[in-house]
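As stored in run_28.txt (compact mmCIF, C-alpha atoms):
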# COMPACT_ATOMS: atom_id res chain seq x y z
CA MET A 17 -4.57 20.38 -10.23
CA ARG A 18 -3.00 17.23 -8.79
CA GLU A 19 -2.56 19.02 -5.43
CA LYS A 20 -6.32 19.65 -5.31
CA VAL A 21 -7.14 16.04 -6.21
CA ILE A 22 -4.84 14.80 -3.42
CA ILE A 23 -6.45 17.16 -0.88
CA VAL A 24 -9.99 16.16 -1.96
CA LEU A 25 -9.15 12.42 -1.83
CA SER A 26 -7.52 12.74 1.62
CA GLY A 27 -10.38 14.87 2.98
CA LEU A 28 -13.00 12.42 1.71
CA ALA A 29 -11.05 9.49 3.16
CA ALA A 30 -10.88 11.21 6.58
CA LEU A 31 -14.62 12.00 6.57
CA VAL A 32 -15.73 8.50 5.53
CA LEU A 33 -13.28 6.94 7.97
CA ALA A 34 -14.54 9.05 10.89
CA HIS A 35 -18.11 8.01 10.08
CA ASN A 36 -17.09 4.35 9.75
CA LEU A 37 -15.22 4.38 13.06
CA TYR A 38 -18.32 5.74 14.78
CA VAL A 39 -20.54 3.00 13.25
CA MET A 40 -17.92 0.30 13.80
CA LEU A 41 -17.34 1.06 17.49
CA LEU A 42 -20.71 2.36 18.68
CA VAL A 43 -23.45 1.09 16.36
CA LEU A 44 -22.51 -2.38 15.10
CA PRO A 45 -23.47 -5.35 17.27
CA ASP A 46 -20.72 -7.45 18.84
CA GLU A 47 -19.63 -10.72 17.29
CA ALA A 48 -20.79 -13.47 19.68
CA ALA A 49 -17.69 -15.68 19.74
CA GLN A 50 -14.82 -13.22 19.30
CA GLY A 51 -15.87 -10.08 21.15
CA ALA A 52 -14.41 -6.68 20.29
CA ILE A 53 -11.37 -8.00 18.39
CA PHE A 54 -13.61 -9.13 15.52
CA ARG A 55 -13.67 -5.48 14.40
CA ILE A 56 -10.06 -5.82 13.22
CA ILE A 57 -11.54 -7.47 10.12
CA PHE A 58 -12.81 -4.03 8.96
CA PHE A 59 -9.20 -2.91 8.48
CA HIS A 60 -7.50 -6.27 7.90
CA VAL A 61 -9.55 -7.34 4.86
CA PRO A 62 -9.92 -3.95 3.08
CA ALA A 63 -6.16 -3.36 3.59
CA ALA A 64 -5.49 -6.69 1.84
CA TRP A 65 -7.86 -5.83 -1.02
CA THR A 66 -6.25 -2.41 -1.45
CA ALA A 67 -2.77 -3.98 -1.46
CA LEU A 68 -3.63 -6.75 -3.94
CA LEU A 69 -5.41 -4.29 -6.22
CA GLY A 70 -2.33 -2.05 -6.11
CA PHE A 71 -0.03 -4.93 -7.03
CA LEU A 72 -2.32 -5.86 -9.96
CA ALA A 73 -2.43 -2.23 -11.12
CA ALA A 74 1.39 -2.14 -10.96
CA ALA A 75 1.62 -5.25 -13.15
CA VAL A 76 -0.77 -3.74 -15.72
CA ALA A 77 1.20 -0.47 -15.75
CA SER A 78 4.45 -2.45 -16.08
CA ALA A 79 3.05 -4.32 -19.10
CA PHE A 80 2.06 -0.97 -20.61
CA TYR A 81 5.58 0.34 -19.97
CA LEU A 82 7.14 -2.63 -21.77
CA ALA A 83 4.76 -2.13 -24.70
CA ARG A 84 4.97 1.66 -25.02
CA LYS A 85 8.25 2.64 -23.25
CA ASN A 86 6.56 5.61 -21.60
CA LEU A 87 8.20 6.36 -18.22
CA ARG A 88 4.90 7.63 -16.80
CA TYR A 89 3.72 4.00 -16.64
CA ASP A 90 6.86 3.12 -14.70
CA ALA A 91 6.23 6.04 -12.29
CA PHE A 92 2.66 4.82 -11.78
CA ALA A 93 3.87 1.23 -11.19
CA VAL A 94 6.37 2.21 -8.50
CA ALA A 95 3.88 4.58 -6.84
CA VAL A 96 1.10 2.01 -6.51
CA THR A 97 3.55 -0.75 -5.52
CA GLU A 98 5.01 1.28 -2.65
CA THR A 99 1.55 2.34 -1.41
CA ALA A 100 0.24 -1.22 -1.72
CA LEU A 101 3.22 -2.46 0.27
CA ALA A 102 2.24 -0.19 3.18
CA PHE A 103 -1.32 -1.58 3.08
CA ALA A 104 0.03 -5.14 2.89
CA ALA A 105 2.13 -4.45 6.01
CA ALA A 106 -1.01 -3.16 7.78
CA ASN A 107 -2.83 -6.32 6.69
CA LEU A 108 -0.09 -8.61 8.05
CA ALA A 109 0.21 -6.70 11.34
CA THR A 110 -3.55 -6.63 12.04
CA GLY A 111 -3.81 -10.33 11.13
CA MET A 112 -1.03 -11.22 13.56
CA ILE A 113 -2.74 -9.32 16.40
CA TRP A 114 -6.07 -11.03 15.63
CA GLY A 115 -4.33 -14.44 15.47
CA ARG A 116 -2.65 -13.90 18.84
CA ILE A 117 -6.07 -13.73 20.52
CA ILE A 118 -8.16 -16.11 18.40
CA TRP A 119 -5.55 -18.78 17.60
CA GLY A 120 -3.25 -18.13 20.57
CA ILE A 121 -0.24 -17.61 18.25
CA TRP A 122 1.21 -14.61 16.43
CA TRP A 123 2.08 -16.52 13.28
CA THR A 124 1.70 -19.87 11.56
CA TRP A 125 3.06 -21.06 8.21
CA ASP A 126 -0.41 -21.42 6.77
CA PRO A 127 -0.74 -21.05 2.94
CA ARG A 128 -2.63 -17.72 3.15
CA LEU A 129 -0.26 -16.14 5.65
CA THR A 130 2.84 -17.50 3.94
CA SER A 131 1.76 -16.44 0.43
CA MET A 132 0.95 -12.94 1.71
CA LEU A 133 4.34 -12.68 3.42
CA VAL A 134 6.04 -13.90 0.22
CA CYS A 135 4.04 -11.27 -1.71
CA TRP A 136 5.25 -8.55 0.69
CA LEU A 137 8.86 -9.74 0.42
CA LEU A 138 8.66 -9.89 -3.41
CA TYR A 139 7.45 -6.31 -3.69
CA ALA A 140 9.94 -5.12 -1.06
CA GLY A 141 12.53 -6.76 -3.33
CA TYR A 142 11.05 -4.86 -6.31
CA LEU A 143 11.69 -1.55 -4.51
CA MET A 144 15.22 -2.60 -3.51
CA LEU A 145 15.95 -3.70 -7.08
CA ARG A 146 14.96 -0.26 -8.36
CA ARG A 147 17.50 1.36 -6.05
CA ALA A 148 20.26 -0.87 -7.41
CA VAL A 149 19.89 0.17 -11.10
CA GLU A 150 21.02 3.70 -11.99
CA ASP A 151 19.97 4.07 -15.62
CA PRO A 152 16.26 5.13 -15.65
CA THR A 153 15.21 3.18 -18.76
CA GLN A 154 17.10 0.04 -17.73
CA ARG A 155 15.63 0.36 -14.22
CA ALA A 156 12.12 0.74 -15.61
CA ARG A 157 12.51 -2.28 -17.90
CA ILE A 158 13.95 -4.60 -15.24
CA ALA A 159 11.40 -3.41 -12.65
CA ALA A 160 8.51 -3.93 -15.09
CA VAL A 161 9.56 -7.53 -15.79
CA PHE A 162 9.99 -8.15 -12.04
CA SER A 163 6.59 -6.62 -11.24
CA ILE A 164 4.83 -8.88 -13.78
CA PHE A 165 6.68 -11.89 -12.36
CA ALA A 166 5.80 -10.93 -8.74
CA CYS A 167 2.15 -10.48 -9.70
CA VAL A 168 1.88 -14.27 -10.12
CA ASP A 169 1.73 -14.43 -6.29
CA VAL A 170 -1.39 -12.18 -6.13
CA PRO A 171 -3.91 -14.84 -7.30
CA ILE A 172 -2.08 -17.41 -5.13
CA VAL A 173 -2.70 -15.17 -2.07
CA PHE A 174 -6.33 -14.60 -3.05
CA PHE A 175 -7.23 -18.22 -3.84
CA SER A 176 -5.01 -19.92 -1.22
CA ILE A 177 -7.93 -20.34 1.19
CA ARG A 178 -9.93 -22.12 -1.53
CA TRP A 179 -7.11 -24.25 -2.93
CA TRP A 180 -5.71 -25.56 0.36
CA ARG A 181 -7.00 -26.44 3.82
CA THR A 182 -5.91 -23.48 5.88
CA GLN A 183 -6.02 -22.28 9.45
CA HIS A 184 -7.01 -18.86 8.08
CA PRO A 185 -10.83 -18.37 8.11
CA GLN A 186 -12.60 -19.50 4.95
CA PRO A 187 -13.71 -16.81 2.47
CA VAL A 188 -16.75 -14.82 3.51
CA VAL A 189 -16.68 -12.86 0.26
CA TRP A 190 -17.43 -14.88 -2.88
CA GLY A 191 -17.01 -18.05 -0.84
CA GLY A 192 -18.73 -20.53 1.41
CA GLY A 193 -18.54 -18.46 4.61
CA SER A 194 -21.28 -16.21 5.89
CA MET A 195 -21.42 -12.93 7.76
CA ASP A 196 -24.07 -10.69 9.27
CA PRO A 197 -25.23 -8.16 6.60
CA ALA A 198 -24.28 -5.27 8.91
CA TYR A 199 -20.67 -6.54 9.09
CA TRP A 200 -20.71 -7.21 5.36
CA ASN A 201 -21.73 -3.63 4.60
CA MET A 202 -19.08 -2.22 6.94
CA LEU A 203 -16.41 -4.34 5.28
CA PHE A 204 -17.11 -2.67 1.93
CA ALA A 205 -17.84 0.73 3.47
CA ASN A 206 -14.40 0.75 5.10
CA TRP A 207 -12.71 -0.26 1.87
CA ALA A 208 -13.74 3.11 0.39
CA PRO A 209 -11.59 5.34 2.68
CA LEU A 210 -8.64 2.98 2.34
CA LEU A 211 -8.93 3.13 -1.45
CA LEU A 212 -9.21 6.93 -1.36
CA LEU A 213 -6.21 7.17 0.96
CA GLY A 214 -4.28 4.73 -1.22
CA ALA A 215 -5.06 6.80 -4.32
CA ALA A 216 -3.92 10.01 -2.58
CA LEU A 217 -0.66 8.41 -1.37
CA ALA A 218 0.01 6.90 -4.81
CA ALA A 219 -0.57 10.31 -6.46
CA ILE A 220 1.96 11.92 -4.07
CA ARG A 221 4.46 9.12 -4.68
CA MET A 222 4.01 9.37 -8.46
CA ARG A 223 4.76 13.10 -8.37
CA GLN A 224 7.90 12.33 -6.36
CA GLU A 225 9.00 9.78 -8.96
CA GLU A 226 8.64 12.45 -11.66
CA GLN A 227 10.65 14.91 -9.53
CA GLN A 228 13.28 12.22 -8.96
CA ARG A 229 13.56 11.75 -12.73
CA ARG A 230 13.95 15.50 -13.23
CA LEU A 231 16.65 15.50 -10.54
CA GLU A 232 18.50 12.66 -12.28
CA ALA A 233 18.36 14.58 -15.57
CA LEU A 234 19.81 17.68 -13.87
CA ARG A 235 22.51 15.54 -12.26
CA ARG A 236 23.49 14.11 -15.66
CA GLN A 237 23.52 17.63 -17.12
CA ALA A 238 25.77 18.82 -14.27
CA HIS A 239 28.19 15.92 -14.82
CA ALA A 240 28.26 16.56 -18.57
CA TRP A 241 29.55 20.10 -18.01
CA MET B 7 -19.54 -2.90 23.31
CA ASP B 8 -18.31 -6.26 24.56
CA GLY B 9 -15.17 -5.53 26.56
CA ARG B 10 -13.45 -8.85 25.71
CA ASN B 11 -10.24 -8.37 23.76
CA PHE B 12 -10.87 -4.64 23.52
CA THR B 13 -7.20 -3.88 24.21
CA TYR B 14 -6.05 -6.09 21.35
CA MET B 15 -8.65 -4.58 19.02
CA PHE B 16 -7.19 -1.20 19.92
CA TYR B 17 -3.66 -2.50 19.23
CA GLY B 18 -4.85 -3.79 15.85
CA PHE B 19 -6.34 -0.45 14.84
CA LEU B 20 -3.26 1.33 16.17
CA ALA B 21 -0.87 -0.96 14.27
CA ALA B 22 -2.69 -0.36 10.98
CA TRP B 23 -2.63 3.42 11.38
CA VAL B 24 0.92 3.60 12.75
CA ILE B 25 2.16 1.74 9.63
CA LEU B 26 0.26 4.06 7.27
CA ALA B 27 1.34 7.15 9.27
CA ALA B 28 4.97 5.97 9.10
CA TYR B 29 4.62 5.74 5.32
CA VAL B 30 3.19 9.27 5.17
CA VAL B 31 6.13 10.54 7.28
CA ALA B 32 8.55 8.77 4.90
CA LEU B 33 6.80 10.43 1.92
CA VAL B 34 7.04 13.87 3.56
CA GLY B 35 10.75 13.31 4.28
CA ARG B 36 11.40 12.24 0.68
CA GLN B 37 9.46 15.25 -0.66
CA ARG B 38 11.61 17.66 1.41
CA ARG B 39 14.84 15.99 0.28
CA LEU B 40 13.76 16.07 -3.38
CA GLU B 41 12.80 19.74 -3.25
CA ARG B 42 16.08 20.64 -1.52
CA GLU B 43 18.16 18.66 -4.03
CA LEU B 44 16.26 20.08 -7.02
CA GLU B 45 16.82 23.60 -5.72
CA ASN B 46 20.54 22.92 -5.15
CA PHE B 47 21.01 21.52 -8.66
CA LYS B 48 19.13 24.41 -10.26
CA HIS B 49 21.42 26.88 -8.44
CA LEU B 50 24.49 24.85 -9.41
CA LEU B 51 23.49 24.81 -13.09
CA GLU B 52 22.63 28.53 -13.04
CA ASP B 53 26.06 29.28 -11.50
CA ARG B 54 27.83 27.21 -14.16
CA GLU B 55 25.79 28.89 -16.90
CA GLY B 56 26.86 32.27 -15.47
CA GLU B 57 30.52 31.21 -15.37
CA ARG B 58 30.35 30.19 -19.05
CA LYS B 59 29.00 33.56 -20.07

This entry written out as structure tokens:
Amino acid sequence: MREKVIIVLSGLAALVLAHNLYVMLLVLPDEAAQGAIFRIIFFHVPAAWTALLGFLAAAVASAFYLARKNLRYDAFAVAVTETALAFAAANLATGMIWGRIIWGIWWTWDPRLTSMLVCWLLYAGYLMLRRAVEDPTQRARIAAVFSIFACVDVPIVFFSIRWWRTQHPQPVVWGGGSMDPAYWNMLFANWAPLLLLGAALAAIRMRQEEQQRRLEALRRQAHAW
Amino acid sequence: MDGRNFTYMFYGFLAAWVILAAYVVALVGRQRRLERELENFKHLLEDREGERK
């Protein structure tokens, strides 16, 4: 069943993405000031939304784990965290390439960029921490507490451009900035395939976490004999 | 399409997809390792079960 869901999600993501790429590159009008590079926003912003949503979902699942002690919540938390980390890396990389052309620099210690990098490092630390603890229940408990702690950075990333004066562009979504409706629609339209892809990758990763747990149980059984 | 900065737009798209593709490759590698290790442990436990009998 899960195999079929993963295939359907991936197939849908590929179809929507192919359509979006066609519209993005051949139909949408150019942005007057930035030229072609403006189109990076259609991956940069949805990748950030997917990542931040994944980190929030991981924190919720971690809270559920601490309340109910069901290891499926822990498997879900690690699956969405790892997938979200890949999207966060895509967000940082595309932002740096855009900044190189528009700002003339690859990186600046601006509150938005810095908080996103800190977010990435925190969740990379979460994954490293998991590798350091052998006992599954202890690992799940420590990781859940860490995930809830790391989640504090998510609203800081999101609201940083409202709370501080930043070099990063001001918010165009739920903010004071404005954008052509055609760009606006594409921004949301391209979030759909990234969400579908993220869900498919998280489902694969969750299955692997369950297999890993089975493997650890077999290993303990083998040592006990 | 306006040709300005087209190369860097391409690099941006490429970077995003290379990162996600690298993650998919890592997932495939992990899946293969898990299946191999699960198979090995199952055989090991079956062998030990046989030795006991």

Legend entry - Contact set, chain A to chain B: 6 Å, only C-alpha atoms, as an MDAnalysis selection string: chainID A and resid 51:53 106 110 113 231

Legend entry - Answer as a ChimeraX atom specification, residues within 7 Å of (0.2, 4.7, -8.1) using all atoms listed in the file: /A:92-97,215,218-219,222

Inset, instruction - Determine, counting only C-alpha atoms, which protein, DNA and RNA residues have an atom within 7 Å of an atom of Ala100 of chain A; residues of the same chain fewer than 6 positions away are not included. Present the result as a list in words. - result: Thr66, Ala67, Gly70 and Phe71 of chain A

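Atom CA of Leu212 of chain A lies 29.4 Å from atom CA of Gln50 of chain A.
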
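Nearest residue to Leu108 of chain A among A:Val149, A:Ile57, A:Gln237, A:Asp90 is A:Ile57, counting all atoms listed in the file.
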
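Atom CA of Gly214 of chain A is found 25.5 Å from atom CA of Leu44 of chain A.
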
Inset, instruction - Take atom CA of Ala73 of chain A and atom CA of Val168 of chain A and report the distance between them in Å, one decimal. - result: 12.8 Å

Legend entry - Shortest interatomic distance to Phe54 of chain A - which of A:Tyr199, A:Phe162, A:Trp125, A:Pro152, counting all atoms listed in the file: A:Tyr199

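Look at Leu138 of chain A: the protein and nucleic acid residues within 12 Å of it, using all atoms listed in the file and passing over chain neighbours fewer than 6 places away, are Phe71, Thr97, Glu98, Leu101, Ala104, Ser131, Met132, Met144, Leu145, Ala159, Phe162, Ser163, Ile164, Phe165, Ala166, Cys167, Val168, Asp169 and Val170 of chain A.
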
Would you save the residues from that selection as a tab-separated table (two decimals), in the frame of the given file, using C-alpha atoms?
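Listed below is the output, out-v9.tsv:
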chain	number	residue	atom	x	y	z
A	71	PHE	CA	-0.03	-4.93	-7.03
A	97	THR	CA	3.55	-0.75	-5.52
A	98	GLU	CA	5.01	1.28	-2.65
A	101	LEU	CA	3.22	-2.46	0.27
A	104	ALA	CA	0.03	-5.14	2.89
A	131	SER	CA	1.76	-16.44	0.43
A	132	MET	CA	0.95	-12.94	1.71
A	144	MET	CA	15.22	-2.60	-3.51
A	145	LEU	CA	15.95	-3.70	-7.08
A	159	ALA	CA	11.40	-3.41	-12.65
A	162	PHE	CA	9.99	-8.15	-12.04
A	163	SER	CA	6.59	-6.62	-11.24
A	164	ILE	CA	4.83	-8.88	-13.78
A	165	PHE	CA	6.68	-11.89	-12.36
A	166	ALA	CA	5.80	-10.93	-8.74
A	167	CYS	CA	2.15	-10.48	-9.70
A	168	VAL	CA	1.88	-14.27	-10.12
A	169	ASP	CA	1.73	-14.43	-6.29
A	170	VAL	CA	-1.39	-12.18	-6.13

Box along x, y and z, 3 Å on every side, all listed atoms of segment 33-51 of chain A inside: centre and edge lengths in Å to one decimal, as JSON.
{"center_x": -18.4, "center_y": -3.3, "center_z": 14.6, "size_x": 16.2, "size_y": 30.7, "size_z": 19.2}

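With all atoms listed in the file taken into account, every residue lying no more than 8 Å from the file point (16.9, -1.1, -11.4) is included here: Leu145, Arg146, Arg147, Ala148, Val149, Glu150, Asp151, Pro152, Gln154, Arg155, Ala156, Arg157, Ile158 and Ala159 of chain A.
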
Legend entry - Contacts of Leu129 of chain A at 9 Å (all atoms listed in the file; same-chain gap of 4+ positions) as a PyMOL selection string: chain A and resi 108+111+123-125+133-134+173+184

Inset, instruction - Identify, on the basis of all atoms listed in the file, every residue whose closest approach to segment 194-196 of chain A does not exceed 12 Å; exclude the query and any residue fewer than 4 positions from it along the same chain; express the result as an MDAnalysis selection string. - result: chainID A and resid 44:48 54 57 185:190 200:203
